[in-house]
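Let me begin by presenting the structure, written as structure tokens, before commenting on it.
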Amino acid sequence: MKGIPHEIAGYTVLPLQLPKTPTFPTPATHYLYLRPHEPRIPDPDSPRSLFLVNVPIDTTETHLRHLFGSQLSAGRVERVQFENIPTKKNAGQILTQGNVAKSKKRKRVTADELQNQLDDIELPSTYDRQLQKSGAHAVVVFADKPSMEASMKAAVKAAKRDVKIIWGDGIEDRIPPLGLSRYVGHDLYRYPDRKELLRTVNDYMTIFTQVAEARKKEQSRAAQEPDEDGFITVTHGPRLNSVAREEEYKEMVEKQKKKSEGLEDFYRFQSREKRKEKQNDLLKRFDEDRKKLDELKKRKGKIRVSFIPTKLSCMG
Amino acid sequence: MSLHTSKRRKLSPSPEENVPQVPNANGSNEAAKLKSDTVKYRHSSMNGTMKGIKNDRSAEVAFASGLYKSSFFKLQLDELLGESRPNYNKQGSRLHGILHMLKDLIECIPDRPSKPVLEAEKDLRNESGISVPFPEPRPGKETKYPMSYAKPSNVNVVGSFALRTGIRMEQGYLVDLAVTMPSSLFQDKDFVNHRYFHKRAYYIACLAAGIKESKGLSLDLKFGLQDGDSLRPVIILEPTDSLRSELASTKSQIRIITAVDDKLFSITRTLPLKHNIRRASSGEEPGHEESMPFYNGSLRSESTVAPYHKYLHLATQKCDSFRDACVLGRIWLKQRGFGSAFQSGGFGGFEWSLLLALLFECGGPEGKPILSNMYSSYQLFKATMQFISRRDLTKPLLCFGSGGSDIQFPNGCPVIYDCIRGTNLLYKMTPWSYALFRHEADATLKMLNESRDDNFENVFIVKVSEPMMRFDRVLSLPSSGNNNVLRALHEQLAIYRVISRALGDRVKLISLSSQSGELWSVETKQPRGKANGEISVGLVLDADNSSRVVDHGPSAEQKEEAASFRDFWGGKAELRRFKDGSILESLVWSDHPSSASVVYQILTYILQRHFNTTQSNVKYIGDDYDEKLRNAGSGILSYSSQGFQLAANAFTSLERSLHSMDDIPLTVRHVAPAAPLLRYTALQVPNGADAASEPVDIVLQFESSARWPDDLAAIQMTKVAFLIKIGDALDSSGAALSCNVGLENESSKILNNAFLDIIHSSGVTFRLRIHHDREQTLLDRQLKEKDIGPQAREETAYALSAYRRIFIQVPRLTQAIRTLCTRYPLLSPTIRLVKHWFNSHLFAAHVNEELIELLATRTFTHPHPWEPPSSVMTGFLRTLHFLSRWDWHQEPLVVGLGGELDQTTIEEVRTRLSAWRSIDPAMNTVSLFAASDIDHDGTTWTKHEIPPKVVAGRMSTLAKASIKLLREKGCNLDIFELFHTSLAPYDFIVSLRPKALKDRLPLATRFKGLNDQSTRTRDLKSTAFQSFIRDLQACYSQSILLFHGGEHSDMVAGLWNPQTMKPKGWSLKTAYSVSPKPSGDSKERSEDVSINNTAILNEISRLGTGLIESIEVHKA
């Protein structure tokens, strides 16, 4: 395509030819935008990663390995992180680090490790191939930095020379197909084997109990050990959090209300005030109504009966 | 000052309390108290509101709340009155000149000497080309009485213009000019045999001749009929088109009516049942006894023009709000299609004014008045409605007369007899129009008494008389024309009697109407009975009886009755022996699905038998909606049909099996149905054990237990374990053919993850989910936590609303709708047809079924201004009508589902709506707002852009277009047009391969070597389709709006989001596939990107490989 810029906002624009289909024979070009990965909080992997924007919705890791490895023949891809899949390992690490600073190392780590294990147990997937959202991002982590740089260079070159790269060309047999067969497959996978399900559930529940026990132990230990300043945090019973407290508060208000019931008309001034209040209320409501009417008129025009002509006759 | 009044109130009874039974506006005591406080303000405030003088505001407030339904009601009423009153000052000054000229002119018309009829007629034709509008039967050669003309004894403006009781109308204003004919023209016996009417016709013709000769007035001269009464032709003066005359600028017509001195004919000779047509010899007037009340009434009304005008004038003087009440009445009548002409009910504005005026003096028990001069216009209106609805006027009401008790009145017709002036005010009303009239008054009274809505719009603004929304069945019959009012009356009476006897308790109301005559040129004879004259008959059916197949007649032993039965029904009547041993005359109608409705069968048969009308002559509307539903919805009409019952029975049996499971550690507390099929609202109904069906959702709740883990993800896992156990238990007990645990939302840890698909032994597939109420608390708690990120918060909020919907609201709604469906037999078919309408217009992806159900239910539980529908047609059209009027930007939908829906609930929902609107003014999350008495939340079915604002707008537009079409085409509307949707507005259309989807079951078994899969016979077409749609929605939520018609449609239409069509600056947040803008010739580097439509379409085509037939692109 002529006139397509090779670079936009710092991203290299890599055109990809999408394979034609019988139902939509118009040739289509997809544009992939890529640049070296520079996250706000760098991690050890980021120097050897590329940041991709606008991956096609059917992108798989295989696709990207194929793209960089064979089609651009540059770098070896180690792994791909897609936008829609939360990166659990990182989250776990951050959590660990945060906790390390605060309290005893060894015991904490066990509970959180167990927690990580727990998070990894998932119900079986119901699709053999996940989809990406249109316009989604992905981070491609290469084997090493040179692979990444070579891939980047190759992409820039391909973009400039208008090399024709056909998306997913030659790997059709390595990935599950899209379309009807994917849906038929889904209809099978969403009813996983009973044994597999049971195993997953049992694993999960076992670790879940372990986590709970570990937590409990840690807590009771924390309750006995003095902290840095030499104080022991006193805890008792199950922790009441804000929700539970709110309920309690509500109950109290109710009680109070019940108590004061029937005492409203005790003094004369009370009933007089009440009357006044009512009068004012009426006045207020009247004003509100008037406003409402004005609004209504503004919206619908005047309140007027429009005699809609209806065709009553049935013949002719 | 105020203290002073309140003291005085205690000492002297307020004048208010003397007024007999004030119809309390809103029934609250406090309002009554306030009312007495404000008696002294009364006058000033009345004048204040009328003349716009600024007055004490608090007085007005109190005034409004005491004497009106609500202050908002009053404000609307004032506004309506102001807009409806014609501008008398402006119009009056313009008309004044013309009317004066006309009066002078009429008074100058020279007398004409007496001549025999034929000669007089001929002379007039030769001299001025006027054809005398003699009513039928025309005077013949043997006519003895002569015709003559003499100067009128009086010419006066009468009627609503003079009294200022009329309303502004689009087609212009009618000014009545009454010409009193001198008594000298008439003889004693002129009231017999049309003599008076012949002389009157000649007189009118002479007036026409006189006006025609004077060239001064640029008016078009025509003959018309007064109130559709062919006995009384009148002159209508219309502004000519060519000249912009004074009259034209006021859009008015002048009608010249005649009057005679009220003493000309004695009252005793013109009593309703006196035989004054005595031409026995001619004998061609069958049943003229029936027409005597009309003939005599017509005569009497000629002689009461002046007295009633005076009487009404007096009423306007006595009561300040009389005029306003007249205006309200006229609006009310107009919206219900009532008019003075007998063809349109025989009760119009004049009759209304007169009724009010009479009720100031009588009408109550022992002749006491009903109304008081002190009433506000609203109170006058309401009290009159109350009178009409409560007082059965077929037992004659006599006014001012102690001696009138021996007067004979026609049977079955309403009578308000004014003994002083000798007229029956309601002489033009027929039994059917009176029944309809009372029915409407009753409905209005109910609306006014309802506290939860103010119903202002329903009482005054909504057009009630649109036949296809008012009646369950409409049919039109050819008629012999309107030329002879007495004959037309006779004809309609005969039809009414036959239809009402034939249909019996299948109908609640029968209404007949026809057109009142048109105008015709003064130079020609009245156009002869036109070929397209027609009578339209509207039926309000009784939903419980209308489709009964067997009618029982009298027993064979009751000879007389049996003979009459046979005579009436002819060959259709047959003698049958019934189970209880009785032998009865009976009728049997066909209930085969392919045959027309029973009502139609009866009508065609009986009309053919008694009136010889062939089917081709009769147009019959209403059945086509039933037909449409049958075609679209598995051939099923009623909720009690087999398909629904099968599912219901399967559920009951499964429920029993679930309760009796052994190996489950917790006891089952409750199993609730939660699917359209189980609340009789599914459009597609499986019709047998062999048919593969959509899974039917049910919800199971265990007794509460402390053994559940207190963690959302762990709860989901526990549910899986329970589901496996339940499946095992059902498998082993033999209640289910097979059970499979399935997964959903597997990428989320807080949404429901698993369900159990149970193929019940009856063939119905159930989908069971476990309801655990701890989830809600946990989600709530998580939502309130402060350190939760925005994305997690959104997810949690979504999970919470999903939880509430699936486990609380759907089962609740199912329960409520199920009950309502049995209470209103037409609710289920109406909901299903409305669903089909939504599907036909490809809304399935955007509108929850439950919302549609609420919309349709509203038509039944808030039927005002009609009664709950008794046919699919009325139910469907009224729902569309509501949709077309629903201002969803500002108004919530609040539906009563059989519980207590009171004003506070409505207020609460309103507050919630305005809160939503203020936090989300662009309606990005919630556009429609639908609550009910069991769900005050309002966003259960519409949150998260279901539908998005654009689609909601399109829904309104389509509903409006449908109603417009209905109004334009009337009964000629082809139902197909309402359901036809144009594909032109969509950007691309994806056609699916319907065939390819049916033969992939063998494929499924090949996929995995799972033997137990072979028992699964579910419809893979719909699951593949649903998954495909879900994928598309998930991938392209930002760039494409998808439209499809439910799982059974074979196409998907798409619209590019207009926001994405404009090129935009490059951003990481752009959530759709983009291509850079070609920089073209200019060297400028552009950073703009635009949506890559072709690539997206390519992706779609690859995603749907094997599903898609073709993709048609309108706009890329």
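Starting from 1 in every chain, residues are counted up; chains themselves are A, B, ... following the order of the structure tokens, and ligands are numbered from 1 as listed.
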
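For B:Asn752, the residues within 10 Å (counting only C-alpha atoms, excluding itself and residues fewer than 6 positions away along the chain) are Leu712, Ala713, Ile715, Gln716, Met717, Lys719, Leu743, Glu744, Asn745, Glu746, Arg769, Ile770, His771, Glu775, Ala799, Ala802, Tyr803 and Ile806 of chain B.
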
Within 6 Å of chain A, which residues of chain B show up when using only C-alpha atoms, listed as a compact mmCIF listing (two decimals) with C-alpha atoms, in the first residue's frame?
# COMPACT_ATOMS: atom_id res chain seq x y z
CA PHE B 72 -49.42 18.58 39.52
CA LEU B 80 -54.71 22.12 29.12
CA GLU B 83 -54.54 25.67 25.44
CA ILE B 461 -54.46 13.34 26.24
CA MET B 717 -15.37 -24.71 43.61
CA VAL B 741 -21.60 -30.25 34.79
CA GLY B 742 -20.86 -27.38 32.49
CA LEU B 743 -18.68 -24.31 32.91
CA ARG B 967 -53.06 5.45 12.23
CA GLY B 970 -56.30 1.89 9.98
CA CYS B 971 -57.91 -1.43 9.36
CA ALA B 1024 -22.65 -22.33 18.07
CA CYS B 1035 -13.92 -8.68 20.48
CA TYR B 1036 -15.61 -5.70 18.91
CA ALA B 1071 -9.87 -0.51 21.38
CA TYR B 1072 -10.31 -1.58 17.80
CA SER B 1073 -8.22 -2.49 14.83
CA SER B 1075 -4.90 1.42 10.03
CA PRO B 1078 -2.25 7.18 4.02
CA SER B 1079 -0.26 10.39 3.91
CA GLY B 1080 -0.94 10.76 0.20
CA GLU B 1087 -0.44 10.64 13.20
CA THR B 1094 -11.74 -4.62 5.91
CA ALA B 1095 -9.40 -6.29 8.34
CA LEU B 1103 -13.94 -16.51 13.06
CA GLY B 1104 -17.12 -17.77 11.52
CA THR B 1105 -15.62 -20.26 9.10
CA GLY B 1106 -18.24 -22.84 8.37
CA LEU B 1107 -21.00 -20.76 9.95
CA SER B 1110 -21.76 -14.67 2.92

Here is a test: counting only C-alpha atoms, which residue of A:Val139, A:Thr110, A:Gln117, A:Gln71 is nearest to A:Leu52? A:Val139

So that I can see what lies close to A:Val141, please list as a PyMOL selection string the residues with an atom at most 12 Å from it, counting only C-alpha atoms and leaving out residues fewer than 4 positions away in the same chain. chain A and resi 36-37+43-52+61+64-65+68+75-82+145-149+151

Give me, as JSON, numbers by chain, the residues of stretch 496-709 of chain B that a backbone DSSP run labels alpha helix (DSSP H). {"B": [496, 497, 498, 499, 500, 501, 502, 503, 559, 560, 561, 562, 563, 564, 565, 566, 567, 568, 569, 598, 599, 600, 601, 602, 603, 604, 605, 606, 607, 608, 609, 610, 611, 623, 624, 625, 626, 627, 628, 629, 630, 631, 632, 642, 643, 644, 645, 646, 647, 648, 649, 650, 651, 652, 653, 654, 655, 656, 657, 658, 659]}

Quick one: of B:Phe400, B:Asp1031, B:Val537, B:Lys334, who's nearest to B:Gly364, counting only C-alpha atoms? B:Phe400

So which residues touch B:Phe223 within 12 Å, counting only C-alpha atoms, skipping near sequence neighbours fewer than 4 positions away, as an MDAnalysis selection string? chainID B and resid 130:134 201 204:205 207:209 228 230 232:238 254:257 517:527

Could you save those same residues with N, CA and C atoms as a compact mmCIF listing (two decimals), in the first residue's frame?
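Okay, this is what ended up in part-v1.txt:
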# COMPACT_ATOMS: atom_id res chain seq x y z
N ILE B 130 -81.42 25.80 -6.57
CA ILE B 130 -81.29 25.08 -5.29
C ILE B 130 -82.17 23.83 -5.34
N SER B 131 -81.59 22.75 -4.90
CA SER B 131 -82.35 21.52 -4.82
C SER B 131 -82.79 21.34 -3.37
N VAL B 132 -84.09 21.20 -3.17
CA VAL B 132 -84.60 21.14 -1.79
C VAL B 132 -84.16 19.82 -1.15
N PRO B 133 -83.51 19.90 0.01
CA PRO B 133 -82.99 18.68 0.63
C PRO B 133 -84.04 17.91 1.43
N PHE B 134 -85.13 17.49 0.74
CA PHE B 134 -86.17 16.76 1.45
C PHE B 134 -85.62 15.47 2.05
N ALA B 201 -87.29 21.47 5.42
CA ALA B 201 -86.33 21.34 4.33
C ALA B 201 -86.55 22.45 3.29
N ILE B 204 -85.22 25.67 4.68
CA ILE B 204 -83.76 25.70 4.58
C ILE B 204 -83.33 26.02 3.15
N ALA B 205 -84.01 25.39 2.20
CA ALA B 205 -83.66 25.62 0.80
C ALA B 205 -83.87 27.09 0.44
N LEU B 207 -83.73 29.61 2.47
CA LEU B 207 -82.64 30.37 3.09
C LEU B 207 -81.39 30.29 2.23
N ALA B 208 -81.12 29.07 1.77
CA ALA B 208 -79.94 28.87 0.93
C ALA B 208 -80.04 29.70 -0.33
N ALA B 209 -81.24 29.71 -0.91
CA ALA B 209 -81.44 30.49 -2.13
C ALA B 209 -81.16 31.97 -1.86
N GLY B 228 -75.75 14.29 11.91
CA GLY B 228 -75.93 13.07 11.12
C GLY B 228 -77.38 12.66 10.97
N SER B 230 -80.64 12.67 9.10
CA SER B 230 -81.09 13.01 7.75
C SER B 230 -82.43 13.74 7.76
N ARG B 232 -82.93 16.33 9.40
CA ARG B 232 -82.65 17.74 9.61
C ARG B 232 -81.43 18.22 8.83
N PRO B 233 -81.63 18.50 7.55
CA PRO B 233 -80.52 19.09 6.80
C PRO B 233 -80.27 20.52 7.26
N VAL B 234 -79.03 20.94 7.18
CA VAL B 234 -78.68 22.31 7.58
C VAL B 234 -77.79 22.94 6.53
N ILE B 235 -77.63 24.25 6.64
CA ILE B 235 -76.73 24.95 5.72
C ILE B 235 -75.38 25.14 6.38
N ILE B 236 -74.35 24.78 5.66
CA ILE B 236 -73.00 24.99 6.19
C ILE B 236 -72.32 26.04 5.32
N LEU B 237 -71.83 27.08 5.95
CA LEU B 237 -71.12 28.12 5.22
C LEU B 237 -69.64 27.98 5.50
N GLU B 238 -68.92 27.76 4.42
CA GLU B 238 -67.47 27.60 4.59
C GLU B 238 -66.76 28.71 3.85
N ILE B 254 -69.81 28.31 9.57
CA ILE B 254 -71.06 28.74 10.18
C ILE B 254 -72.13 27.75 9.78
N ARG B 255 -72.87 27.30 10.77
CA ARG B 255 -73.90 26.31 10.50
C ARG B 255 -75.23 26.97 10.79
N ILE B 256 -76.12 26.95 9.82
CA ILE B 256 -77.44 27.53 10.05
C ILE B 256 -78.41 26.41 10.40
N ILE B 257 -78.88 26.44 11.64
CA ILE B 257 -79.83 25.43 12.06
C ILE B 257 -81.19 26.08 12.25
N GLY B 517 -73.15 11.71 7.68
CA GLY B 517 -73.12 12.12 6.27
C GLY B 517 -72.14 13.25 5.97
N GLU B 518 -71.78 13.31 4.73
CA GLU B 518 -70.87 14.36 4.32
C GLU B 518 -71.68 15.55 3.79
N LEU B 519 -70.95 16.60 3.48
CA LEU B 519 -71.63 17.78 2.94
C LEU B 519 -71.90 17.57 1.46
N TRP B 520 -72.89 18.25 0.98
CA TRP B 520 -73.10 18.19 -0.46
C TRP B 520 -73.54 19.55 -0.97
N SER B 521 -73.34 19.75 -2.26
CA SER B 521 -73.62 21.05 -2.85
C SER B 521 -75.12 21.34 -2.82
N VAL B 522 -75.46 22.60 -2.67
CA VAL B 522 -76.88 22.96 -2.59
C VAL B 522 -77.60 22.74 -3.91
N GLU B 523 -76.85 22.57 -4.97
CA GLU B 523 -77.51 22.46 -6.27
C GLU B 523 -77.83 21.02 -6.64
N THR B 524 -77.30 20.10 -5.91
CA THR B 524 -77.59 18.71 -6.24
C THR B 524 -78.39 18.08 -5.12
N LYS B 525 -78.95 16.95 -5.47
CA LYS B 525 -79.64 16.20 -4.43
C LYS B 525 -78.61 15.57 -3.51
N GLN B 526 -79.06 15.20 -2.33
CA GLN B 526 -78.15 14.51 -1.43
C GLN B 526 -77.66 13.25 -2.11
N PRO B 527 -76.35 13.05 -2.10
CA PRO B 527 -75.84 11.86 -2.78
C PRO B 527 -76.54 10.60 -2.26

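For the residues A:Leu67, A:Ile232, A:Met152, A:Leu14, ranking by smallest atom-to-atom distance to A:Ile171 using only C-alpha atoms places A:Leu67 first.
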
Contacts of B:His944 at 10 Å or less, counting only C-alpha atoms, minus same-chain residues fewer than 3 places along, as a VMD selection string? chain B and resid 798 801 923 to 927 939 to 941 947 to 948

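Here atom CA of B:His881 and atom CA of B:Val464 stand 11.2 Å from one another.
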
So that I can check the surroundings of B:Pro396, please list as a PyMOL selection string every protein, DNA and RNA residue that reaches within 7 Å of it, counting only C-alpha atoms and ignoring chain neighbours fewer than 5 positions away. chain B and resi 414-416

Store the residues picked out above, limited to N, CA and C atoms, as a compact mmCIF listing (two decimals), in the first residue's frame.
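Generated file (selection-v4.txt):
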# COMPACT_ATOMS: atom_id res chain seq x y z
N PRO B 414 -81.10 4.46 27.17
CA PRO B 414 -80.94 5.37 28.29
C PRO B 414 -81.89 6.57 28.17
N VAL B 415 -82.36 7.04 29.30
CA VAL B 415 -83.29 8.17 29.27
C VAL B 415 -82.95 9.16 30.37
N ILE B 416 -82.76 10.41 29.98
CA ILE B 416 -82.79 11.51 30.95
C ILE B 416 -83.87 12.44 30.42

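The interatomic distance for the pair atom CA of B:Glu466 and atom CA of B:Gln615 works out to 24.3 Å.
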
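Taking only stretch 491-562 of chain B, the residues that DSSP calls strand (DSSP E) from the backbone come to Val507, Lys508, Leu509, Ile510, Ser511, Leu512, Ser513, Ser514, Trp520, Ser521, Glu534, Ile535, Ser536, Val537, Gly538, Leu539, Val540, Leu541, Val550, Asp551, His552, Gly553, Pro554 and Ser555 of chain B.
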
Please dump the current selection as an mmCIF file, in the first residue's frame; keep N, CA and C atoms.
data_model
loop_
_atom_site.group_PDB
_atom_site.id
_atom_site.type_symbol
_atom_site.label_atom_id
_atom_site.label_comp_id
_atom_site.auth_asym_id
_atom_site.auth_seq_id
_atom_site.Cartn_x
_atom_site.Cartn_y
_atom_site.Cartn_z
ATOM 1 N N VAL B 507 -68.508 -11.840 24.457
ATOM 2 C CA VAL B 507 -68.151 -10.425 24.343
ATOM 3 C C VAL B 507 -68.601 -9.669 25.569
ATOM 4 N N LYS B 508 -67.831 -8.628 25.879
ATOM 5 C CA LYS B 508 -68.228 -7.744 26.969
ATOM 6 C C LYS B 508 -68.893 -6.508 26.407
ATOM 7 N N LEU B 509 -68.442 -6.079 25.260
ATOM 8 C CA LEU B 509 -68.979 -4.865 24.669
ATOM 9 C C LEU B 509 -69.067 -5.040 23.163
ATOM 10 N N ILE B 510 -70.147 -4.516 22.621
ATOM 11 C CA ILE B 510 -70.256 -4.469 21.166
ATOM 12 C C ILE B 510 -70.490 -3.020 20.815
ATOM 13 N N SER B 511 -69.727 -2.510 19.901
ATOM 14 C CA SER B 511 -69.955 -1.116 19.544
ATOM 15 C C SER B 511 -70.103 -1.000 18.038
ATOM 16 N N LEU B 512 -71.154 -0.297 17.625
ATOM 17 C CA LEU B 512 -71.353 -0.089 16.192
ATOM 18 C C LEU B 512 -71.153 1.382 15.892
ATOM 19 N N SER B 513 -70.535 1.658 14.793
ATOM 20 C CA SER B 513 -70.457 3.057 14.411
ATOM 21 C C SER B 513 -70.422 3.149 12.902
ATOM 22 N N SER B 514 -70.793 4.309 12.419
ATOM 23 C CA SER B 514 -70.751 4.534 10.971
ATOM 24 C C SER B 514 -70.420 5.993 10.765
ATOM 25 N N TRP B 520 -72.894 18.249 0.982
ATOM 26 C CA TRP B 520 -73.100 18.188 -0.460
ATOM 27 C C TRP B 520 -73.536 19.553 -0.971
ATOM 28 N N SER B 521 -73.342 19.748 -2.256
ATOM 29 C CA SER B 521 -73.618 21.052 -2.853
ATOM 30 C C SER B 521 -75.116 21.336 -2.820
ATOM 31 N N GLU B 534 -70.513 1.946 5.257
ATOM 32 C CA GLU B 534 -70.159 0.776 6.033
ATOM 33 C C GLU B 534 -70.455 1.003 7.508
ATOM 34 N N ILE B 535 -70.652 -0.088 8.167
ATOM 35 C CA ILE B 535 -70.832 -0.052 9.608
ATOM 36 C C ILE B 535 -69.648 -0.761 10.205
ATOM 37 N N SER B 536 -68.969 -0.097 11.112
ATOM 38 C CA SER B 536 -67.880 -0.861 11.710
ATOM 39 C C SER B 536 -68.284 -1.286 13.114
ATOM 40 N N VAL B 537 -67.967 -2.527 13.389
ATOM 41 C CA VAL B 537 -68.364 -3.127 14.640
ATOM 42 C C VAL B 537 -67.102 -3.422 15.433
ATOM 43 N N GLY B 538 -67.055 -2.933 16.652
ATOM 44 C CA GLY B 538 -65.916 -3.229 17.514
ATOM 45 C C GLY B 538 -66.358 -4.155 18.628
ATOM 46 N N LEU B 539 -65.551 -5.150 18.922
ATOM 47 C CA LEU B 539 -65.907 -6.093 19.976
ATOM 48 C C LEU B 539 -64.847 -6.082 21.062
ATOM 49 N N VAL B 540 -65.290 -5.985 22.299
ATOM 50 C CA VAL B 540 -64.381 -6.225 23.411
ATOM 51 C C VAL B 540 -64.712 -7.615 23.918
ATOM 52 N N LEU B 541 -63.766 -8.526 23.790
ATOM 53 C CA LEU B 541 -64.050 -9.920 24.102
ATOM 54 C C LEU B 541 -63.887 -10.204 25.590
ATOM 55 N N VAL B 550 -67.825 -25.314 22.585
ATOM 56 C CA VAL B 550 -69.198 -25.816 22.563
ATOM 57 C C VAL B 550 -70.116 -24.841 23.284
ATOM 58 N N ASP B 551 -71.207 -24.499 22.627
ATOM 59 C CA ASP B 551 -72.227 -23.659 23.248
ATOM 60 C C ASP B 551 -73.420 -24.508 23.605
ATOM 61 N N HIS B 552 -73.908 -24.348 24.825
ATOM 62 C CA HIS B 552 -75.097 -25.091 25.225
ATOM 63 C C HIS B 552 -76.323 -24.220 25.061
ATOM 64 N N GLY B 553 -77.305 -24.755 24.405
ATOM 65 C CA GLY B 553 -78.573 -24.042 24.247
ATOM 66 C C GLY B 553 -79.583 -24.585 25.230
ATOM 67 N N PRO B 554 -80.848 -24.318 24.981
ATOM 68 C CA PRO B 554 -81.900 -24.835 25.851
ATOM 69 C C PRO B 554 -82.031 -26.349 25.686
ATOM 70 N N SER B 555 -82.637 -26.980 26.670
ATOM 71 C CA SER B 555 -82.811 -28.423 26.570
ATOM 72 C C SER B 555 -83.951 -28.735 25.608
#

Would you write out, as a tab-separated table, a table of all residues in stretch 368-423 of chain B that have an atom no more than 12 Å from an atom of stretch 435-456 of chain B, listing for each the closest atom pair and the distance in Å to one decimal, considering only C-alpha atoms and ordering rows by chain and rising residue number?
residue	atom	partner	partner_atom	distance
B:Tyr378	CA	B:Leu448	CA	10.2
B:Gln379	CA	B:Leu448	CA	10.8
B:Phe381	CA	B:Leu445	CA	9.9
B:Lys382	CA	B:Leu445	CA	7.1
B:Ala383	CA	B:Leu445	CA	9.1
B:Thr384	CA	B:Ala441	CA	8.9
B:Met385	CA	B:Ala441	CA	5.4
B:Gln386	CA	B:Leu445	CA	6.4
B:Phe387	CA	B:Ala441	CA	8.8
B:Ile388	CA	B:Arg438	CA	6.1
B:Ser389	CA	B:Asp442	CA	5.0
B:Arg390	CA	B:Asp442	CA	8.1
B:Arg391	CA	B:Arg438	CA	9.2
B:Asp392	CA	B:Arg438	CA	8.7
B:Leu393	CA	B:Arg438	CA	9.7
B:Thr394	CA	B:Ala435	CA	10.0
B:Gly412	CA	B:Ala435	CA	10.3
B:Cys413	CA	B:Ala435	CA	9.7
B:Pro414	CA	B:Ala435	CA	9.4

Selection export as an mmCIF file, in the first residue's frame, atoms kept: C-alpha atoms:
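Ended up saving to result_0.cif:
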data_model
loop_
_atom_site.group_PDB
_atom_site.id
_atom_site.type_symbol
_atom_site.label_atom_id
_atom_site.label_comp_id
_atom_site.auth_asym_id
_atom_site.auth_seq_id
_atom_site.Cartn_x
_atom_site.Cartn_y
_atom_site.Cartn_z
ATOM 1 C CA TYR B 378 -62.339 19.069 38.130
ATOM 2 C CA GLN B 379 -64.922 18.253 40.750
ATOM 3 C CA PHE B 381 -66.000 16.575 35.840
ATOM 4 C CA LYS B 382 -65.381 13.852 38.333
ATOM 5 C CA ALA B 383 -68.834 14.005 39.884
ATOM 6 C CA THR B 384 -70.386 13.755 36.449
ATOM 7 C CA MET B 385 -68.233 10.741 35.643
ATOM 8 C CA GLN B 386 -69.350 9.226 38.880
ATOM 9 C CA PHE B 387 -72.957 9.897 37.985
ATOM 10 C CA ILE B 388 -72.626 8.341 34.553
ATOM 11 C CA SER B 389 -70.878 5.287 35.824
ATOM 12 C CA ARG B 390 -73.093 4.658 38.842
ATOM 13 C CA ARG B 391 -76.552 5.590 37.636
ATOM 14 C CA ASP B 392 -78.112 3.115 35.278
ATOM 15 C CA LEU B 393 -80.027 5.371 32.951
ATOM 16 C CA THR B 394 -81.886 2.599 31.211
ATOM 17 C CA GLY B 412 -83.033 -0.798 26.966
ATOM 18 C CA CYS B 413 -82.286 2.749 25.919
ATOM 19 C CA PRO B 414 -80.942 5.374 28.293
#

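For the choices A:Ile207, A:Val163, A:Ile175, A:Met252, the atom-to-atom distance to A:Ile121 is smallest for A:Ile207 when using only C-alpha atoms.
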
Excluding B:Val598 and any residue of its chain fewer than 5 positions from it, enumerate the residues within 9 Å of it, using only C-alpha atoms, and give them as number ranges by chain. B: 546-549, 589-591, 603

Next, write the just-selected residues to a file, as a compact mmCIF listing (two decimals), in the first residue's frame, keeping C-alpha atoms as the atom set.
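So the final result, stored in out-v1.txt, reads:
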# COMPACT_ATOMS: atom_id res chain seq x y z
CA SER B 546 -64.28 -16.09 23.75
CA SER B 547 -62.71 -19.31 22.53
CA ARG B 548 -65.15 -21.77 24.03
CA VAL B 549 -65.80 -24.50 21.52
CA TRP B 589 -67.20 -24.83 16.64
CA SER B 590 -63.91 -25.92 15.33
CA ASP B 591 -60.81 -25.45 17.47
CA LEU B 603 -69.79 -14.09 13.02

Do you have the atom CA of B:Tyr427-atom CA of B:Ser298 distance handy? 8.2 Å
